[in-house]
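Below: start18.pdb (PDB, C-alpha atoms)
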```pdb
MODEL        1
ATOM      1  CA  MET A   1      21.517  72.228   6.491
ATOM      2  CA  GLU A   2      21.495  72.598  10.267
ATOM      3  CA  ALA A   3      21.938  76.395  10.112
ATOM      4  CA  ASN A   4      19.143  76.737   7.554
ATOM      5  CA  THR A   5      16.827  74.678   9.718
ATOM      6  CA  ARG A   6      17.613  76.746  12.765
ATOM      7  CA  SER A   7      17.050  80.077  10.994
ATOM      8  CA  THR A   8      13.731  79.188   9.334
ATOM      9  CA  GLY A   9      12.341  76.933  12.034
ATOM     10  CA  ARG A  10      11.322  74.442   9.359
ATOM     11  CA  LEU A  11      12.671  71.129   8.112
ATOM     12  CA  PRO A  12      14.256  71.152   4.645
ATOM     13  CA  ALA A  13      11.834  70.184   1.870
ATOM     14  CA  ALA A  14      13.701  66.907   1.277
ATOM     15  CA  PHE A  15      12.686  65.731   4.748
ATOM     16  CA  LEU A  16       9.015  66.369   3.998
ATOM     17  CA  THR A  17       8.896  64.747   0.566
ATOM     18  CA  PRO A  18       7.354  61.259   0.465
ATOM     19  CA  GLY A  19       9.958  58.722  -0.565
ATOM     20  CA  SER A  20      11.270  55.307   0.284
ATOM     21  CA  SER A  21       9.806  53.409   3.205
ATOM     22  CA  SER A  22      13.381  52.467   4.139
ATOM     23  CA  PHE A  23      15.061  54.727   6.688
ATOM     24  CA  MET A  24      18.475  53.467   5.520
ATOM     25  CA  ASP A  25      17.714  54.544   1.952
ATOM     26  CA  PHE A  26      16.612  57.932   3.255
ATOM     27  CA  LEU A  27      19.800  58.302   5.275
ATOM     28  CA  SER A  28      21.927  57.190   2.315
ATOM     29  CA  GLY A  29      20.432  59.981   0.232
ATOM     30  CA  HIS A  30      20.686  62.811   2.755
ATOM     31  CA  SER A  31      23.407  61.949   5.297
ATOM     32  CA  PRO A  32      25.345  58.914   4.015
ATOM     33  CA  GLU A  33      28.243  59.626   6.361
ATOM     34  CA  MET A  34      26.027  58.650   9.296
ATOM     35  CA  LEU A  35      25.746  55.025   8.158
ATOM     36  CA  PRO A  36      28.276  52.787   9.953
ATOM     37  CA  GLY A  37      29.344  51.062   6.729
ATOM     38  CA  ASN A  38      30.319  54.370   5.112
ATOM     39  CA  ARG A  39      32.918  55.281   7.694
ATOM     40  CA  THR A  40      36.557  55.183   6.650
ATOM     41  CA  LEU A  41      38.816  53.323   9.048
ATOM     42  CA  PRO A  42      42.562  53.949   9.296
ATOM     43  CA  PRO A  43      44.849  51.215   7.926
ATOM     44  CA  LEU A  44      44.736  48.169  10.161
ATOM     45  CA  GLN A  45      47.859  47.803  12.295
ATOM     46  CA  GLY A  46      47.651  44.670  14.388
ATOM     47  CA  THR A  47      44.580  43.426  16.199
ATOM     48  CA  ILE A  48      41.822  45.892  17.043
ATOM     49  CA  GLU A  49      40.950  45.626  20.738
ATOM     50  CA  ALA A  50      37.315  46.546  21.290
ATOM     51  CA  PRO A  51      34.699  45.194  23.700
ATOM     52  CA  HIS A  52      32.920  42.139  22.281
ATOM     53  CA  GLY A  53      29.581  40.739  23.335
ATOM     54  CA  THR A  54      28.895  37.016  23.658
ATOM     55  CA  THR A  55      26.645  34.693  23.870
ATOM     56  CA  ILE A  56      23.039  34.819  22.546
ATOM     57  CA  VAL A  57      20.564  31.923  22.551
ATOM     58  CA  ALA A  58      16.977  31.471  21.381
ATOM     59  CA  ALA A  59      14.343  28.741  21.457
ATOM     60  CA  THR A  60      10.799  28.445  20.158
ATOM     61  CA  PHE A  61       7.821  26.940  21.944
ATOM     62  CA  PRO A  62       4.170  26.551  20.911
ATOM     63  CA  GLY A  63       2.916  30.128  21.046
ATOM     64  CA  GLY A  64       6.148  32.087  20.883
ATOM     65  CA  VAL A  65       9.909  32.361  21.119
ATOM     66  CA  VAL A  66      12.453  33.087  23.860
ATOM     67  CA  LEU A  67      15.630  35.144  23.275
ATOM     68  CA  ALA A  68      18.321  35.516  25.947
ATOM     69  CA  GLY A  69      21.906  36.657  26.412
ATOM     70  CA  ASP A  70      24.621  36.589  29.015
ATOM     71  CA  ARG A  71      25.941  39.876  30.458
ATOM     72  CA  ARG A  72      29.700  39.734  29.834
ATOM     73  CA  ALA A  73      31.690  41.807  27.350
ATOM     74  CA  THR A  74      35.362  40.989  26.818
ATOM     75  CA  MET A  75      38.333  42.809  25.319
ATOM     76  CA  GLY A  76      40.999  40.243  24.546
ATOM     77  CA  ASN A  77      41.495  38.242  27.716
ATOM     78  CA  VAL A  78      40.055  40.997  29.925
ATOM     79  CA  ILE A  79      36.456  41.347  31.131
ATOM     80  CA  ALA A  80      35.502  44.778  29.782
ATOM     81  CA  GLN A  81      32.015  44.856  31.324
ATOM     82  CA  ARG A  82      30.067  42.478  33.541
ATOM     83  CA  ASP A  83      26.526  43.775  33.063
ATOM     84  CA  ILE A  84      26.177  44.696  29.390
ATOM     85  CA  GLU A  85      22.743  44.295  27.822
ATOM     86  CA  LYS A  86      22.744  42.334  24.555
ATOM     87  CA  VAL A  87      19.052  41.713  23.879
ATOM     88  CA  PHE A  88      16.834  44.541  22.630
ATOM     89  CA  PRO A  89      13.284  44.842  21.307
ATOM     90  CA  ALA A  90      13.249  45.603  17.574
ATOM     91  CA  ASP A  91       9.544  46.399  17.611
ATOM     92  CA  GLU A  92       6.386  45.100  19.286
ATOM     93  CA  TYR A  93       6.775  41.532  17.978
ATOM     94  CA  SER A  94      10.503  41.011  17.475
ATOM     95  CA  ALA A  95      13.857  41.306  19.204
ATOM     96  CA  VAL A  96      17.578  41.265  18.416
ATOM     97  CA  GLY A  97      20.406  39.696  20.398
ATOM     98  CA  ILE A  98      23.868  41.056  19.596
ATOM     99  CA  ALA A  99      27.211  39.286  19.414
ATOM    100  CA  GLY A 100      30.421  40.788  18.110
ATOM    101  CA  THR A 101      31.826  44.308  18.449
ATOM    102  CA  ALA A 102      29.627  45.760  21.173
ATOM    103  CA  GLY A 103      29.624  49.441  20.187
ATOM    104  CA  LEU A 104      28.825  48.788  16.535
ATOM    105  CA  ALA A 105      26.239  46.162  17.454
ATOM    106  CA  VAL A 106      24.289  48.534  19.708
ATOM    107  CA  GLU A 107      24.442  51.216  17.013
ATOM    108  CA  MET A 108      23.142  48.754  14.429
ATOM    109  CA  VAL A 109      20.244  47.746  16.686
ATOM    110  CA  LYS A 110      19.222  51.392  17.152
ATOM    111  CA  LEU A 111      19.342  51.917  13.390
ATOM    112  CA  PHE A 112      17.277  48.761  12.889
ATOM    113  CA  GLN A 113      14.680  50.003  15.380
ATOM    114  CA  LEU A 114      14.454  53.273  13.434
ATOM    115  CA  GLU A 115      14.182  51.343  10.164
ATOM    116  CA  LEU A 116      11.144  49.404  11.388
ATOM    117  CA  GLU A 117       9.528  52.462  12.975
ATOM    118  CA  HIS A 118      10.076  54.511   9.802
ATOM    119  CA  PHE A 119       8.476  51.814   7.637
ATOM    120  CA  GLU A 120       5.442  51.601   9.905
ATOM    121  CA  LYS A 121       4.932  55.371   9.867
ATOM    122  CA  VAL A 122       5.326  55.696   6.091
ATOM    123  CA  GLU A 123       3.334  52.604   5.106
ATOM    124  CA  GLY A 124       0.848  52.596   7.966
ATOM    125  CA  ALA A 125       1.513  48.893   8.613
ATOM    126  CA  GLN A 126       4.202  46.689  10.108
ATOM    127  CA  LEU A 127       6.673  44.740   8.028
ATOM    128  CA  SER A 128       6.178  40.994   8.003
ATOM    129  CA  LEU A 129       8.640  39.074  10.184
ATOM    130  CA  GLU A 130      10.287  37.821   6.982
ATOM    131  CA  GLY A 131      10.647  41.422   5.802
ATOM    132  CA  LYS A 132      12.215  42.470   9.089
ATOM    133  CA  ALA A 133      14.732  39.625   8.847
ATOM    134  CA  ASN A 134      15.624  40.727   5.310
ATOM    135  CA  ARG A 135      16.119  44.360   6.372
ATOM    136  CA  LEU A 136      18.504  43.268   9.118
ATOM    137  CA  SER A 137      20.402  41.143   6.590
ATOM    138  CA  THR A 138      20.925  44.233   4.408
ATOM    139  CA  MET A 139      22.239  46.221   7.366
ATOM    140  CA  ILE A 140      24.742  43.515   8.308
ATOM    141  CA  ARG A 141      25.940  43.320   4.699
ATOM    142  CA  SER A 142      26.560  47.082   4.675
ATOM    143  CA  ASN A 143      28.995  46.567   7.574
ATOM    144  CA  LEU A 144      31.088  44.015   5.658
ATOM    145  CA  ALA A 145      34.087  46.328   5.134
ATOM    146  CA  MET A 146      34.373  46.896   8.884
ATOM    147  CA  ALA A 147      33.810  43.194   9.575
ATOM    148  CA  MET A 148      36.823  42.395   7.386
ATOM    149  CA  GLN A 149      38.888  44.587   9.708
ATOM    150  CA  GLY A 150      37.778  42.677  12.766
ATOM    151  CA  LEU A 151      34.731  44.765  13.717
ATOM    152  CA  ALA A 152      32.069  42.172  12.997
ATOM    153  CA  VAL A 153      28.459  42.158  14.202
ATOM    154  CA  VAL A 154      26.603  38.830  14.159
ATOM    155  CA  PRO A 155      23.121  39.141  15.680
ATOM    156  CA  LEU A 156      20.360  36.652  16.345
ATOM    157  CA  PHE A 157      16.870  37.817  15.362
ATOM    158  CA  ALA A 158      13.679  36.341  16.771
ATOM    159  CA  GLY A 159      10.029  37.253  16.717
ATOM    160  CA  PHE A 160       6.425  36.173  16.671
ATOM    161  CA  ASP A 161       5.074  35.780  13.141
ATOM    162  CA  VAL A 162       1.508  37.091  13.375
ATOM    163  CA  ASP A 163       0.669  35.636   9.957
ATOM    164  CA  ARG A 164       1.875  32.106  10.746
ATOM    165  CA  GLU A 165       1.003  32.448  14.449
ATOM    166  CA  LYS A 166       4.296  31.047  15.726
ATOM    167  CA  GLY A 167       7.733  32.079  16.945
ATOM    168  CA  ARG A 168      10.635  32.096  14.458
ATOM    169  CA  ILE A 169      14.424  32.504  14.734
ATOM    170  CA  PHE A 170      16.904  33.850  12.160
ATOM    171  CA  SER A 171      20.693  33.658  12.347
ATOM    172  CA  TYR A 172      23.254  35.549  10.222
ATOM    173  CA  ASP A 173      26.875  35.465   9.122
ATOM    174  CA  VAL A 174      29.162  38.502   8.713
ATOM    175  CA  THR A 175      28.203  38.870   5.028
ATOM    176  CA  GLY A 176      24.521  39.250   5.877
ATOM    177  CA  GLY A 177      23.685  35.681   4.881
ATOM    178  CA  ARG A 178      20.438  34.707   6.600
ATOM    179  CA  SER A 179      19.255  31.307   7.788
ATOM    180  CA  GLU A 180      16.057  30.385   9.561
ATOM    181  CA  GLU A 181      16.719  28.126  12.533
ATOM    182  CA  LEU A 182      14.295  25.428  13.590
ATOM    183  CA  GLY A 183      13.640  25.051  17.305
ATOM    184  CA  TYR A 184      16.712  26.705  18.776
ATOM    185  CA  ALA A 185      19.823  28.685  17.866
ATOM    186  CA  ALA A 186      22.895  30.334  19.362
ATOM    187  CA  THR A 187      25.552  32.822  18.276
ATOM    188  CA  GLY A 188      28.699  34.242  19.830
ATOM    189  CA  SER A 189      31.853  32.695  21.262
ATOM    190  CA  GLY A 190      29.947  30.302  23.526
ATOM    191  CA  SER A 191      27.456  29.269  20.846
ATOM    192  CA  VAL A 192      29.008  25.834  20.265
ATOM    193  CA  PHE A 193      28.486  24.851  23.904
ATOM    194  CA  ALA A 194      25.066  26.525  24.180
ATOM    195  CA  ARG A 195      23.828  24.828  21.024
ATOM    196  CA  GLY A 196      25.076  21.461  22.248
ATOM    197  CA  SER A 197      23.213  21.969  25.511
ATOM    198  CA  MET A 198      19.950  22.852  23.781
ATOM    199  CA  LYS A 199      20.327  20.020  21.267
ATOM    200  CA  LYS A 200      20.004  17.488  24.082
ATOM    201  CA  LEU A 201      17.308  19.264  26.087
ATOM    202  CA  TYR A 202      15.043  20.875  23.485
ATOM    203  CA  ARG A 203      11.593  19.471  22.712
ATOM    204  CA  GLY A 204       8.913  20.813  20.425
ATOM    205  CA  ASP A 205       6.255  20.762  23.155
ATOM    206  CA  LEU A 206       8.016  22.936  25.748
ATOM    207  CA  THR A 207       5.912  25.305  27.805
ATOM    208  CA  GLU A 208       6.922  28.954  27.990
ATOM    209  CA  GLN A 209       8.446  28.437  31.433
ATOM    210  CA  GLN A 210      10.397  25.391  30.254
ATOM    211  CA  ALA A 211      11.709  27.335  27.260
ATOM    212  CA  LEU A 212      12.864  30.114  29.592
ATOM    213  CA  THR A 213      14.658  27.553  31.764
ATOM    214  CA  LEU A 214      16.192  25.914  28.687
ATOM    215  CA  VAL A 215      17.907  29.081  27.422
ATOM    216  CA  VAL A 216      19.327  29.913  30.862
ATOM    217  CA  GLN A 217      20.599  26.316  31.157
ATOM    218  CA  ALA A 218      22.277  26.769  27.761
ATOM    219  CA  LEU A 219      23.907  30.032  28.845
ATOM    220  CA  TYR A 220      25.154  28.325  32.020
ATOM    221  CA  ASP A 221      26.716  25.523  29.943
ATOM    222  CA  ALA A 222      28.291  28.081  27.609
ATOM    223  CA  ALA A 223      29.805  29.950  30.570
ATOM    224  CA  ASP A 224      31.058  26.649  31.968
ATOM    225  CA  ASP A 225      33.281  26.080  28.924
ATOM    226  CA  ASP A 226      33.777  29.528  27.358
ATOM    227  CA  SER A 227      35.686  32.159  29.328
ATOM    228  CA  ALA A 228      34.121  34.993  27.316
ATOM    229  CA  THR A 229      30.603  34.035  28.427
ATOM    230  CA  GLY A 230      29.445  35.146  31.851
ATOM    231  CA  GLY A 231      27.304  32.932  34.059
ATOM    232  CA  PRO A 232      24.793  34.149  36.663
ATOM    233  CA  ASP A 233      26.620  36.402  39.151
ATOM    234  CA  VAL A 234      24.694  35.996  42.395
ATOM    235  CA  ALA A 235      27.080  38.152  44.455
ATOM    236  CA  ARG A 236      26.630  41.159  42.143
ATOM    237  CA  ARG A 237      22.995  40.282  41.292
ATOM    238  CA  ILE A 238      23.782  40.120  37.582
ATOM    239  CA  TYR A 239      21.574  37.653  35.744
ATOM    240  CA  PRO A 240      21.016  36.861  32.060
ATOM    241  CA  ILE A 241      18.746  39.119  30.040
ATOM    242  CA  VAL A 242      15.767  36.929  29.139
ATOM    243  CA  THR A 243      12.906  37.971  26.861
ATOM    244  CA  VAL A 244       9.817  36.263  25.503
ATOM    245  CA  ILE A 245       7.741  37.194  22.442
ATOM    246  CA  THR A 246       4.202  35.881  21.935
ATOM    247  CA  ASP A 247       1.011  37.078  20.271
ATOM    248  CA  GLU A 248       0.810  39.565  23.155
ATOM    249  CA  GLY A 249       4.100  41.137  22.079
ATOM    250  CA  PHE A 250       7.615  41.528  23.483
ATOM    251  CA  ARG A 251       8.237  41.120  27.206
ATOM    252  CA  LYS A 252      11.492  41.310  29.120
ATOM    253  CA  LEU A 253      11.679  39.356  32.366
ATOM    254  CA  ASP A 254      12.372  41.581  35.336
ATOM    255  CA  GLU A 255      15.269  40.933  37.709
ATOM    256  CA  VAL A 256      13.103  38.939  40.121
ATOM    257  CA  GLU A 257      11.904  36.564  37.405
ATOM    258  CA  SER A 258      15.322  36.033  35.802
ATOM    259  CA  SER A 259      17.006  35.607  39.183
ATOM    260  CA  GLN A 260      14.468  32.965  40.227
ATOM    261  CA  ILE A 261      15.249  30.884  37.132
ATOM    262  CA  ALA A 262      19.004  31.348  37.551
ATOM    263  CA  ARG A 263      18.965  30.510  41.262
ATOM    264  CA  SER A 264      16.847  27.410  40.662
ATOM    265  CA  ILE A 265      19.361  26.198  38.088
ATOM    266  CA  LEU A 266      22.271  26.962  40.413
ATOM    267  CA  GLU A 267      20.659  24.931  43.196
ATOM    268  CA  HIS A 268      20.282  21.905  40.947
ATOM    269  CA  ARG A 269      23.838  22.336  39.672
ATOM    270  CA  MET A 270      25.079  21.911  43.233
ATOM    271  CA  GLU A 271      23.891  18.296  42.922
ATOM    272  CA  GLN A 272      24.608  17.896  39.180
ATOM    273  CA  PRO A 273      27.427  20.279  38.168
ATOM    274  CA  ASP A 274      27.157  19.284  34.511
ATOM    275  CA  GLY A 275      23.426  19.921  34.392
ATOM    276  CA  PRO A 276      20.405  17.756  33.565
ATOM    277  CA  ARG A 277      20.909  14.492  31.702
ATOM    278  CA  ALA A 278      19.147  13.610  28.452
ATOM    279  CA  ALA A 279      17.848  10.074  27.986
ATOM    280  CA  LEU A 280      20.043   7.712  25.966
ATOM    281  CA  LEU A 281      17.059   6.417  24.008
TER     282      LEU A 281
ENDMDL
END
```
I'd like the structure from this file rewritten - as structure tokens, please.
Amino acid sequence: MEANTRSTGRLPAAFLTPGSSSFMDFLSGHSPEMLPGNRTLPPLQGTIEAPHGTTIVAATFPGGVVLAGDRRATMGNVIAQRDIEKVFPADEYSAVGIAGTAGLAVEMVKLFQLELEHFEKVEGAQLSLEGKANRLSTMIRSNLAMAMQGLAVVPLFAGFDVDREKGRIFSYDVTGGRSEELGYAATGSGSVFARGSMKKLYRGDLTEQQALTLVVQALYDAADDDSATGGPDVARRIYPIVTVITDEGFRKLDEVESSQIARSILEHRMEQPDGPRAALL
């Protein structure tokens, strides 16, 4: 196929024929070996050691949703990378945070981005947020065979629903099972601690700035109790990746903005190491 393309200077007819609006379906028909779920792995012998990403958190507020992740990747009990990026834009109004096998997760996000872009070009319109969540569910399910061998990918998907005019969050399991989360959510090894933190601090009337502070507080609490989650690293200037999605689209906080939130939290933690207290009643 490649040689024929090079000699004629034209794409094969199959690439120019209108077909499915799904890029994954297109790839399955023409180059199925390129899909992650179609790869054949050697027989499993012991534990597979590969870099894993942890922890992703999200919270909604009136007008949008915030999605954030720490920067640490681990391989067993070793820190494999201190500044990995785990939160990516899916399209103009949605984003994905990755937890699980880092290499596969990044590959899946890139494929998901192509899936949404392909749909928009073929159909001339964007998928609904519900449709995007369903497409991601299908992609996770296609990776089930690899997940059963220890190479699982468990993302958190968030976006602004332009039809309902509000932020929404979707979580997944390794089989592609999808659940919509109300208010806040977390995934990854530190998710239990992050979710507990947000459970006590979350309110439905948070401002955007308060929601941004909330998710960084949750990541700090996760890092406090989970060795695989990295907290703000002031010495190396490594801060959480924090994004916000509103009716104006996806925006990633720059280093100055994220560092200001992290440093403010660190200053208060000098007085209250366990963080802010929720009222008893």
- Atom pair CA of Gly196 (chain A) / CA of Ile98 (chain A): separation (Å): 19.8 Å
- Would you kindly translate the PyMOL selection byres ((chain A and resi 206) around 12) into the concrete residues it picks from this file, as a PyMOL selection string? chain A and resi 59-66+183-184+201-205+207-215
- So which residues get picked by the PyMOL selection byres ((chain A and resi 161-172) around 10) here, written as a ChimeraX atom specification? /A:57-67,93-96,128-130,133-134,136-137,140-141,153-160,173-187,244-247,249
- So which residues touch Ser197 (chain A) within 8 Å, counting all atoms listed in the file, skipping near sequence neighbours fewer than 3 positions away, as a list in words? Phe193, Ala194, Lys200, Leu201, Gln217, Ala218 and Asp221 of chain A
Please determine an axis-aligned box that encloses all atoms of region 85-97 of chain A listed in the file, with 5 Å added on each side, and express its centre and edge lengths in Å to one decimal as lines of an AutoDock Vina configuration file.
```
center_x = 14.6
center_y = 43.0
center_z = 22.6
size_x = 26.4
size_y = 16.7
size_z = 20.3
```
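In this model, the gap between CA of Ser191 (chain A) and CA of Phe88 (chain A) comes to 18.7 Å.
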- Message: Quick check, in Å to one decimal: how far apart do CA of Pro240 (chain A) and CA of Gly69 (chain A) lie?
- Response: 5.7 Å
- What lies within 10 Å of Glu257 (chain A) using all atoms listed in the file, ignoring chain neighbours under 4 positions off, as a ChimeraX atom specification? /A:239,242,252-253,261-262
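Among the candidates A:Arg72, A:Asp91, A:Ile84, A:Pro51, the one nearest to Arg251 (chain A) when counting only C-alpha atoms is A:Asp91.
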- Message: Calculated over only C-alpha atoms, which of the candidates A:Phe250, A:Pro89, A:Val216, A:Gly188 has the smallest distance to Ala73 (chain A)?
- Response: A:Gly188
Residues around (19.8, 29.2, 40.2), cut-off 12 Å, counting all atoms listed in the file - what are they as a compact mmCIF listing (two decimals) with C-alpha atoms, in the frame of the given file?
```txt
# COMPACT_ATOMS: atom_id res chain seq x y z
CA THR A 213 14.66 27.55 31.76
CA VAL A 216 19.33 29.91 30.86
CA GLN A 217 20.60 26.32 31.16
CA TYR A 220 25.15 28.32 32.02
CA GLY A 231 27.30 32.93 34.06
CA PRO A 232 24.79 34.15 36.66
CA ASP A 233 26.62 36.40 39.15
CA VAL A 234 24.69 36.00 42.40
CA ARG A 237 23.00 40.28 41.29
CA ILE A 238 23.78 40.12 37.58
CA TYR A 239 21.57 37.65 35.74
CA PRO A 240 21.02 36.86 32.06
CA VAL A 256 13.10 38.94 40.12
CA GLU A 257 11.90 36.56 37.40
CA SER A 258 15.32 36.03 35.80
CA SER A 259 17.01 35.61 39.18
CA GLN A 260 14.47 32.97 40.23
CA ILE A 261 15.25 30.88 37.13
CA ALA A 262 19.00 31.35 37.55
CA ARG A 263 18.96 30.51 41.26
CA SER A 264 16.85 27.41 40.66
CA ILE A 265 19.36 26.20 38.09
CA LEU A 266 22.27 26.96 40.41
CA GLU A 267 20.66 24.93 43.20
CA HIS A 268 20.28 21.90 40.95
CA ARG A 269 23.84 22.34 39.67
CA MET A 270 25.08 21.91 43.23
CA GLU A 271 23.89 18.30 42.92
CA PRO A 273 27.43 20.28 38.17
CA GLY A 275 23.43 19.92 34.39
```
- Query: Looking at A:Thr243, A:Leu127, A:Arg195, A:Gly190, which one is nearest to Asp226 (chain A), with distances taken over only C-alpha atoms?
  - Reply: A:Gly190
Repaired coordinates for region 155-180 of chain A (N, CA and C atoms) as a PDB file, in the frame of the given file:
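For reference, out.pdb as written:
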```pdb
ATOM      1  N   PRO A 155      24.274  39.220  14.777  1.00  0.00           N
ATOM      2  CA  PRO A 155      23.121  39.141  15.680  1.00  0.00           C
ATOM      3  C   PRO A 155      22.304  37.873  15.508  1.00  0.00           C
ATOM      4  N   LEU A 156      21.380  37.694  16.425  1.00  0.00           N
ATOM      5  CA  LEU A 156      20.360  36.652  16.345  1.00  0.00           C
ATOM      6  C   LEU A 156      19.029  37.393  16.410  1.00  0.00           C
ATOM      7  N   PHE A 157      18.153  37.115  15.455  1.00  0.00           N
ATOM      8  CA  PHE A 157      16.870  37.817  15.362  1.00  0.00           C
ATOM      9  C   PHE A 157      15.734  36.832  15.610  1.00  0.00           C
ATOM     10  N   ALA A 158      14.803  37.216  16.448  1.00  0.00           N
ATOM     11  CA  ALA A 158      13.679  36.341  16.771  1.00  0.00           C
ATOM     12  C   ALA A 158      12.404  37.161  16.895  1.00  0.00           C
ATOM     13  N   GLY A 159      11.291  36.525  16.593  1.00  0.00           N
ATOM     14  CA  GLY A 159      10.029  37.253  16.717  1.00  0.00           C
ATOM     15  C   GLY A 159       8.839  36.335  16.584  1.00  0.00           C
ATOM     16  N   PHE A 160       7.679  36.904  16.838  1.00  0.00           N
ATOM     17  CA  PHE A 160       6.425  36.173  16.671  1.00  0.00           C
ATOM     18  C   PHE A 160       5.833  36.549  15.327  1.00  0.00           C
ATOM     19  N   ASP A 161       5.647  35.563  14.464  1.00  0.00           N
ATOM     20  CA  ASP A 161       5.074  35.780  13.141  1.00  0.00           C
ATOM     21  C   ASP A 161       3.553  35.787  13.276  1.00  0.00           C
ATOM     22  N   VAL A 162       2.952  36.971  13.172  1.00  0.00           N
ATOM     23  CA  VAL A 162       1.508  37.091  13.375  1.00  0.00           C
ATOM     24  C   VAL A 162       0.722  36.433  12.246  1.00  0.00           C
ATOM     25  N   ASP A 163       1.346  36.286  11.075  1.00  0.00           N
ATOM     26  CA  ASP A 163       0.669  35.636   9.957  1.00  0.00           C
ATOM     27  C   ASP A 163       0.646  34.119  10.127  1.00  0.00           C
ATOM     28  N   ARG A 164       1.792  33.555  10.551  1.00  0.00           N
ATOM     29  CA  ARG A 164       1.875  32.106  10.746  1.00  0.00           C
ATOM     30  C   ARG A 164       1.514  31.691  12.165  1.00  0.00           C
ATOM     31  N   GLU A 165       1.374  32.675  13.049  1.00  0.00           N
ATOM     32  CA  GLU A 165       1.003  32.448  14.449  1.00  0.00           C
ATOM     33  C   GLU A 165       1.993  31.517  15.151  1.00  0.00           C
ATOM     34  N   LYS A 166       3.266  31.827  15.035  1.00  0.00           N
ATOM     35  CA  LYS A 166       4.296  31.047  15.726  1.00  0.00           C
ATOM     36  C   LYS A 166       5.577  31.861  15.851  1.00  0.00           C
ATOM     37  N   GLY A 167       6.444  31.435  16.777  1.00  0.00           N
ATOM     38  CA  GLY A 167       7.733  32.079  16.945  1.00  0.00           C
ATOM     39  C   GLY A 167       8.726  31.570  15.910  1.00  0.00           C
ATOM     40  N   ARG A 168       9.629  32.467  15.451  1.00  0.00           N
ATOM     41  CA  ARG A 168      10.635  32.096  14.458  1.00  0.00           C
ATOM     42  C   ARG A 168      11.972  32.717  14.836  1.00  0.00           C
ATOM     43  N   ILE A 169      13.065  32.063  14.409  1.00  0.00           N
ATOM     44  CA  ILE A 169      14.424  32.504  14.734  1.00  0.00           C
ATOM     45  C   ILE A 169      15.236  32.591  13.449  1.00  0.00           C
ATOM     46  N   PHE A 170      16.033  33.675  13.315  1.00  0.00           N
ATOM     47  CA  PHE A 170      16.904  33.850  12.160  1.00  0.00           C
ATOM     48  C   PHE A 170      18.331  34.129  12.634  1.00  0.00           C
ATOM     49  N   SER A 171      19.290  33.430  12.044  1.00  0.00           N
ATOM     50  CA  SER A 171      20.693  33.658  12.347  1.00  0.00           C
ATOM     51  C   SER A 171      21.385  34.236  11.107  1.00  0.00           C
ATOM     52  N   TYR A 172      22.555  34.855  11.304  1.00  0.00           N
ATOM     53  CA  TYR A 172      23.254  35.549  10.222  1.00  0.00           C
ATOM     54  C   TYR A 172      24.750  35.255  10.279  1.00  0.00           C
ATOM     55  N   ASP A 173      25.418  35.462   9.125  1.00  0.00           N
ATOM     56  CA  ASP A 173      26.875  35.465   9.122  1.00  0.00           C
ATOM     57  C   ASP A 173      27.336  36.896   8.852  1.00  0.00           C
ATOM     58  N   VAL A 174      28.654  37.131   8.824  1.00  0.00           N
ATOM     59  CA  VAL A 174      29.162  38.502   8.713  1.00  0.00           C
ATOM     60  C   VAL A 174      28.858  39.139   7.364  1.00  0.00           C
ATOM     61  N   THR A 175      28.518  38.322   6.345  1.00  0.00           N
ATOM     62  CA  THR A 175      28.203  38.870   5.028  1.00  0.00           C
ATOM     63  C   THR A 175      26.730  39.231   4.895  1.00  0.00           C
ATOM     64  N   GLY A 176      25.949  38.983   5.936  1.00  0.00           N
ATOM     65  CA  GLY A 176      24.521  39.250   5.877  1.00  0.00           C
ATOM     66  C   GLY A 176      23.717  38.045   5.454  1.00  0.00           C
ATOM     67  N   GLY A 177      24.394  36.916   5.225  1.00  0.00           N
ATOM     68  CA  GLY A 177      23.685  35.681   4.881  1.00  0.00           C
ATOM     69  C   GLY A 177      22.733  35.284   5.989  1.00  0.00           C
ATOM     70  N   ARG A 178      21.498  34.961   5.624  1.00  0.00           N
ATOM     71  CA  ARG A 178      20.438  34.707   6.600  1.00  0.00           C
ATOM     72  C   ARG A 178      19.978  33.266   6.536  1.00  0.00           C
ATOM     73  N   SER A 179      19.771  32.674   7.715  1.00  0.00           N
ATOM     74  CA  SER A 179      19.255  31.307   7.788  1.00  0.00           C
ATOM     75  C   SER A 179      18.164  31.254   8.849  1.00  0.00           C
ATOM     76  N   GLU A 180      17.074  30.582   8.541  1.00  0.00           N
ATOM     77  CA  GLU A 180      16.057  30.385   9.561  1.00  0.00           C
ATOM     78  C   GLU A 180      16.390  29.126  10.341  1.00  0.00           C
TER      79      GLU A 180
END
```
